[in-house]
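Report on the structure given below.
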Amino acid sequence: MVIPAVIAAYIAAYNARDVDGMLDCLAEEVVFRNLSAGQVTAEAIGKPSFAQMAHAGAAAFSTRRQAVRQAITVADTTLVEIDYTATVAADLPNGWKAGQSLAFVGASLFRIRSGQIVEIVDQS
């Protein structure tokens, strides 16, 4: 399984809770969407908006990890199936409680242009 280097770097930074490392992988005009049950549950347009969301996300979990199960790349788009695990750091508005362990399988679509990620769509 081959994953484009910029996506591998993004996932490594995500796992390390290194928001600056994540941002290094993104184009200024990046678009991020999180989908759950077919509905957009989070969205960020542009690097500053993404940075704000990423800092909040990193703080919400005491641990978090994405492990790639499989990936397929066609042209500038890579679809990645991911095992996601995390531990909630503090009670969250969605009902998750501090110390709660999460584990689920999701998928992420990454679109790359000029060596940077321009779009991420996460689905769980």
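Residues in the structure tokens are named by chain (A, B, ... in the order shown) and by number from 1 within that chain; ligands are numbered from 1 in the order shown.
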
Excluding A:Gly57 and residues on its chain fewer than 5 positions from it, collect all residues at most 12 Å away from it, counting only C-alpha atoms, and give them as an MDAnalysis selection string. chainID A and resid 14:15 17:19 42 50:52 62:64 86:90 92

Those same residues, written as a PDB file, in the first residue's frame with N, CA and C atoms?
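Printed below is part20.pdb as written:
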```pdb
ATOM      1  N   TYR A  14      -0.927  14.296  13.015  1.00  0.00           N
ATOM      2  CA  TYR A  14      -2.202  14.131  13.711  1.00  0.00           C
ATOM      3  C   TYR A  14      -2.025  13.228  14.928  1.00  0.00           C
ATOM      4  N   ASN A  15      -1.383  12.086  14.725  1.00  0.00           N
ATOM      5  CA  ASN A  15      -1.171  11.131  15.815  1.00  0.00           C
ATOM      6  C   ASN A  15      -0.321  11.713  16.927  1.00  0.00           C
ATOM      7  N   ARG A  17      -0.413  14.791  17.767  1.00  0.00           N
ATOM      8  CA  ARG A  17      -1.111  16.000  18.213  1.00  0.00           C
ATOM      9  C   ARG A  17      -0.271  17.240  17.911  1.00  0.00           C
ATOM     10  N   ASP A  18       0.410  17.206  16.775  1.00  0.00           N
ATOM     11  CA  ASP A  18       1.293  18.279  16.305  1.00  0.00           C
ATOM     12  C   ASP A  18       0.528  19.107  15.264  1.00  0.00           C
ATOM     13  N   VAL A  19      -0.229  20.089  15.733  1.00  0.00           N
ATOM     14  CA  VAL A  19      -1.063  20.876  14.821  1.00  0.00           C
ATOM     15  C   VAL A  19      -0.210  21.625  13.807  1.00  0.00           C
ATOM     16  N   ALA A  42     -18.824  19.148  10.824  1.00  0.00           N
ATOM     17  CA  ALA A  42     -17.774  20.146  11.048  1.00  0.00           C
ATOM     18  C   ALA A  42     -17.232  20.560   9.691  1.00  0.00           C
ATOM     19  N   PHE A  50      -9.036  25.961   9.696  1.00  0.00           N
ATOM     20  CA  PHE A  50      -8.612  24.598   9.993  1.00  0.00           C
ATOM     21  C   PHE A  50      -7.752  24.578  11.256  1.00  0.00           C
ATOM     22  N   ALA A  51      -6.840  25.545  11.386  1.00  0.00           N
ATOM     23  CA  ALA A  51      -5.949  25.591  12.548  1.00  0.00           C
ATOM     24  C   ALA A  51      -6.745  25.703  13.840  1.00  0.00           C
ATOM     25  N   GLN A  52      -7.755  26.549  13.837  1.00  0.00           N
ATOM     26  CA  GLN A  52      -8.589  26.716  15.019  1.00  0.00           C
ATOM     27  C   GLN A  52      -9.270  25.396  15.381  1.00  0.00           C
ATOM     28  N   SER A  62      -7.009  13.124  25.114  1.00  0.00           N
ATOM     29  CA  SER A  62      -5.720  12.929  25.761  1.00  0.00           C
ATOM     30  C   SER A  62      -4.825  12.038  24.912  1.00  0.00           C
ATOM     31  N   THR A  63      -5.436  11.142  24.142  1.00  0.00           N
ATOM     32  CA  THR A  63      -4.710  10.339  23.154  1.00  0.00           C
ATOM     33  C   THR A  63      -5.597  10.238  21.918  1.00  0.00           C
ATOM     34  N   ARG A  64      -4.981  10.098  20.771  1.00  0.00           N
ATOM     35  CA  ARG A  64      -5.728   9.836  19.546  1.00  0.00           C
ATOM     36  C   ARG A  64      -4.773   9.251  18.527  1.00  0.00           C
ATOM     37  N   ALA A  86      -9.203   6.834  20.333  1.00  0.00           N
ATOM     38  CA  ALA A  86      -8.946   8.051  21.097  1.00  0.00           C
ATOM     39  C   ALA A  86      -9.458   7.881  22.518  1.00  0.00           C
ATOM     40  N   THR A  87      -8.956   8.740  23.393  1.00  0.00           N
ATOM     41  CA  THR A  87      -9.452   8.847  24.754  1.00  0.00           C
ATOM     42  C   THR A  87      -9.861  10.295  24.970  1.00  0.00           C
ATOM     43  N   VAL A  88     -11.098  10.484  25.396  1.00  0.00           N
ATOM     44  CA  VAL A  88     -11.645  11.822  25.600  1.00  0.00           C
ATOM     45  C   VAL A  88     -10.967  12.469  26.815  1.00  0.00           C
ATOM     46  N   ALA A  89     -10.525  13.733  26.645  1.00  0.00           N
ATOM     47  CA  ALA A  89      -9.808  14.436  27.713  1.00  0.00           C
ATOM     48  C   ALA A  89     -10.751  15.083  28.723  1.00  0.00           C
ATOM     49  N   ALA A  90     -11.885  15.601  28.249  1.00  0.00           N
ATOM     50  CA  ALA A  90     -12.849  16.287  29.125  1.00  0.00           C
ATOM     51  C   ALA A  90     -14.239  16.053  28.552  1.00  0.00           C
ATOM     52  N   LEU A  92     -17.506  16.360  26.677  1.00  0.00           N
ATOM     53  CA  LEU A  92     -17.761  17.117  25.455  1.00  0.00           C
ATOM     54  C   LEU A  92     -19.264  17.315  25.264  1.00  0.00           C
TER      55      LEU A  92
END
```

Taking 3 positions as the minimum chain separation for residues in the same chain, which residues sit within 9 Å of A:Leu79 when counting only C-alpha atoms? Answer as a list in words. Gln70, Ala71, Ile72, Thr73, Val74, Ala107, Ser108, Leu109, Phe110 and Arg111 of chain A

Selection file, N, CA and C atoms, as a PDB file, in the first residue's frame:
```
ATOM      1  N   GLN A  70      -6.177   0.621   4.651  1.00  0.00           N
ATOM      2  CA  GLN A  70      -5.916   0.497   3.222  1.00  0.00           C
ATOM      3  C   GLN A  70      -6.085   1.861   2.571  1.00  0.00           C
ATOM      4  N   ALA A  71      -5.514   2.001   1.389  1.00  0.00           N
ATOM      5  CA  ALA A  71      -5.587   3.269   0.669  1.00  0.00           C
ATOM      6  C   ALA A  71      -5.558   3.000  -0.827  1.00  0.00           C
ATOM      7  N   ILE A  72      -6.232   3.874  -1.552  1.00  0.00           N
ATOM      8  CA  ILE A  72      -6.183   3.822  -3.004  1.00  0.00           C
ATOM      9  C   ILE A  72      -6.052   5.253  -3.506  1.00  0.00           C
ATOM     10  N   THR A  73      -5.159   5.428  -4.476  1.00  0.00           N
ATOM     11  CA  THR A  73      -4.935   6.747  -5.057  1.00  0.00           C
ATOM     12  C   THR A  73      -5.232   6.690  -6.544  1.00  0.00           C
ATOM     13  N   VAL A  74      -6.005   7.654  -6.992  1.00  0.00           N
ATOM     14  CA  VAL A  74      -6.276   7.848  -8.409  1.00  0.00           C
ATOM     15  C   VAL A  74      -6.046   9.325  -8.696  1.00  0.00           C
ATOM     16  N   ALA A 107     -13.336   6.690   7.030  1.00  0.00           N
ATOM     17  CA  ALA A 107     -12.647   6.873   5.762  1.00  0.00           C
ATOM     18  C   ALA A 107     -12.355   8.355   5.582  1.00  0.00           C
ATOM     19  N   SER A 108     -11.247   8.640   4.952  1.00  0.00           N
ATOM     20  CA  SER A 108     -10.878  10.010   4.646  1.00  0.00           C
ATOM     21  C   SER A 108     -10.496  10.120   3.183  1.00  0.00           C
ATOM     22  N   LEU A 109     -10.993  11.155   2.557  1.00  0.00           N
ATOM     23  CA  LEU A 109     -10.618  11.481   1.189  1.00  0.00           C
ATOM     24  C   LEU A 109      -9.659  12.655   1.257  1.00  0.00           C
ATOM     25  N   PHE A 110      -8.532  12.520   0.610  1.00  0.00           N
ATOM     26  CA  PHE A 110      -7.541  13.590   0.534  1.00  0.00           C
ATOM     27  C   PHE A 110      -7.357  13.968  -0.929  1.00  0.00           C
ATOM     28  N   ARG A 111      -7.364  15.259  -1.211  1.00  0.00           N
ATOM     29  CA  ARG A 111      -7.057  15.738  -2.565  1.00  0.00           C
ATOM     30  C   ARG A 111      -5.791  16.584  -2.457  1.00  0.00           C
TER      31      ARG A 111
END
```

May I have the residues within 9 Å of A:Ala67 as a list in words, using only C-alpha atoms and disregarding those fewer than 6 positions away in the same chain? Ile11, Asn15, Glu81, Ile82, Asp83, Tyr84 and Thr85 of chain A

In Å, rounded to a single decimal, give me how far atom CA of A:Gln66 is from atom CA of A:Ala5.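 Atom CA of A:Ala5 sits 15.6 Å away from atom CA of A:Gln66.
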
In terms of the shortest atom-to-atom distance over only C-alpha atoms, which of A:Ile3, A:Leu35, A:Ala54, A:Ala75 is closest to A:Gly21?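 Of the candidates, the smallest distance to A:Gly21 is held by A:Ala54.
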
I need the residues of chain A that end up classed as helix (DSSP H, G or I) by DSSP on the backbone, written out as a compact mmCIF listing (two decimals) with N, CA and C atoms, in the first residue's frame.
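File produced: result.txt:
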```txt
# COMPACT_ATOMS: atom_id res chain seq x y z
N ALA A 5 3.34 10.91 0.32
CA ALA A 5 4.16 11.35 1.46
C ALA A 5 3.48 12.44 2.27
N VAL A 6 2.82 13.39 1.63
CA VAL A 6 2.19 14.48 2.37
C VAL A 6 1.05 13.97 3.24
N ILE A 7 0.34 12.95 2.80
CA ILE A 7 -0.73 12.37 3.62
C ILE A 7 -0.13 11.59 4.79
N ALA A 8 0.93 10.83 4.54
CA ALA A 8 1.61 10.11 5.63
C ALA A 8 2.12 11.10 6.67
N ALA A 9 2.67 12.23 6.23
CA ALA A 9 3.17 13.24 7.16
C ALA A 9 2.03 13.87 7.96
N TYR A 10 0.91 14.12 7.30
CA TYR A 10 -0.27 14.68 7.97
C TYR A 10 -0.78 13.73 9.06
N ILE A 11 -0.90 12.45 8.73
CA ILE A 11 -1.40 11.47 9.71
C ILE A 11 -0.41 11.32 10.87
N ALA A 12 0.88 11.32 10.58
CA ALA A 12 1.88 11.24 11.66
C ALA A 12 1.77 12.46 12.58
N ALA A 13 1.59 13.63 12.01
CA ALA A 13 1.44 14.84 12.83
C ALA A 13 0.14 14.78 13.64
N TYR A 14 -0.93 14.30 13.02
CA TYR A 14 -2.20 14.13 13.71
C TYR A 14 -2.02 13.23 14.93
N ASN A 15 -1.38 12.09 14.72
CA ASN A 15 -1.17 11.13 15.81
C ASN A 15 -0.32 11.71 16.93
N VAL A 19 -0.23 20.09 15.73
CA VAL A 19 -1.06 20.88 14.82
C VAL A 19 -0.21 21.63 13.81
N ASP A 20 0.92 22.17 14.22
CA ASP A 20 1.79 22.88 13.26
C ASP A 20 2.27 21.93 12.16
N GLY A 21 2.59 20.70 12.53
CA GLY A 21 2.99 19.71 11.53
C GLY A 21 1.86 19.38 10.58
N MET A 22 0.63 19.32 11.09
CA MET A 22 -0.53 19.10 10.22
C MET A 22 -0.67 20.27 9.25
N LEU A 23 -0.57 21.49 9.77
CA LEU A 23 -0.73 22.69 8.94
C LEU A 23 0.32 22.77 7.84
N ASP A 24 1.53 22.29 8.13
CA ASP A 24 2.60 22.29 7.12
C ASP A 24 2.21 21.49 5.87
N LYS A 47 -6.79 27.74 5.80
CA LYS A 47 -5.86 27.25 6.82
C LYS A 47 -6.13 27.84 8.21
N PRO A 48 -6.44 29.15 8.34
CA PRO A 48 -6.71 29.67 9.69
C PRO A 48 -7.91 28.99 10.36
N SER A 49 -8.97 28.75 9.61
CA SER A 49 -10.15 28.08 10.15
C SER A 49 -9.81 26.64 10.54
N PHE A 50 -9.04 25.96 9.70
CA PHE A 50 -8.61 24.60 9.99
C PHE A 50 -7.75 24.58 11.26
N ALA A 51 -6.84 25.54 11.39
CA ALA A 51 -5.95 25.59 12.55
C ALA A 51 -6.74 25.70 13.84
N GLN A 52 -7.76 26.55 13.84
CA GLN A 52 -8.59 26.72 15.02
C GLN A 52 -9.27 25.40 15.38
N MET A 53 -9.83 24.73 14.39
CA MET A 53 -10.51 23.47 14.62
C MET A 53 -9.52 22.39 15.08
N ALA A 54 -8.35 22.36 14.48
CA ALA A 54 -7.35 21.34 14.83
C ALA A 54 -6.84 21.51 16.26
N HIS A 55 -6.64 22.75 16.69
CA HIS A 55 -6.20 22.98 18.07
C HIS A 55 -7.27 22.52 19.06
N ALA A 56 -8.53 22.82 18.76
CA ALA A 56 -9.63 22.37 19.64
C ALA A 56 -9.71 20.85 19.66
N GLY A 57 -9.54 20.22 18.51
CA GLY A 57 -9.58 18.76 18.43
C GLY A 57 -8.45 18.11 19.20
N ALA A 58 -7.27 18.67 19.09
CA ALA A 58 -6.12 18.10 19.80
C ALA A 58 -6.32 18.20 21.31
N ALA A 59 -6.94 19.28 21.77
CA ALA A 59 -7.15 19.48 23.20
C ALA A 59 -8.28 18.58 23.74
N ALA A 60 -9.19 18.17 22.87
CA ALA A 60 -10.35 17.39 23.30
C ALA A 60 -10.01 15.95 23.67
```

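Counting only C-alpha atoms, the residue from A:Gln116, A:Phe61, A:Val68, A:Glu28 that sits nearest to A:Ala98 is A:Phe61.
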
Return as a PyMOL selection string the full set of residues in chain A whose backbone-based DSSP assignment is strand (DSSP E). chain A and resi 26-36+39-45+61-74+77-88+101-113+116-123

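The gap separating atom CA of A:Lys97 from atom CA of A:Asp122 is 22.3 Å, in Å to one decimal.
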
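Going from atom CA of A:Asn34 over to atom CA of A:Ile120, you cover 8.3 Å.
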
Residue nearest A:Ser114 among A:Ala16, A:Val40, A:Met1, A:Cys25 (counting only C-alpha atoms):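 Between A:Ala16, A:Val40, A:Met1, A:Cys25, the residue approaching A:Ser114 most closely is A:Cys25.
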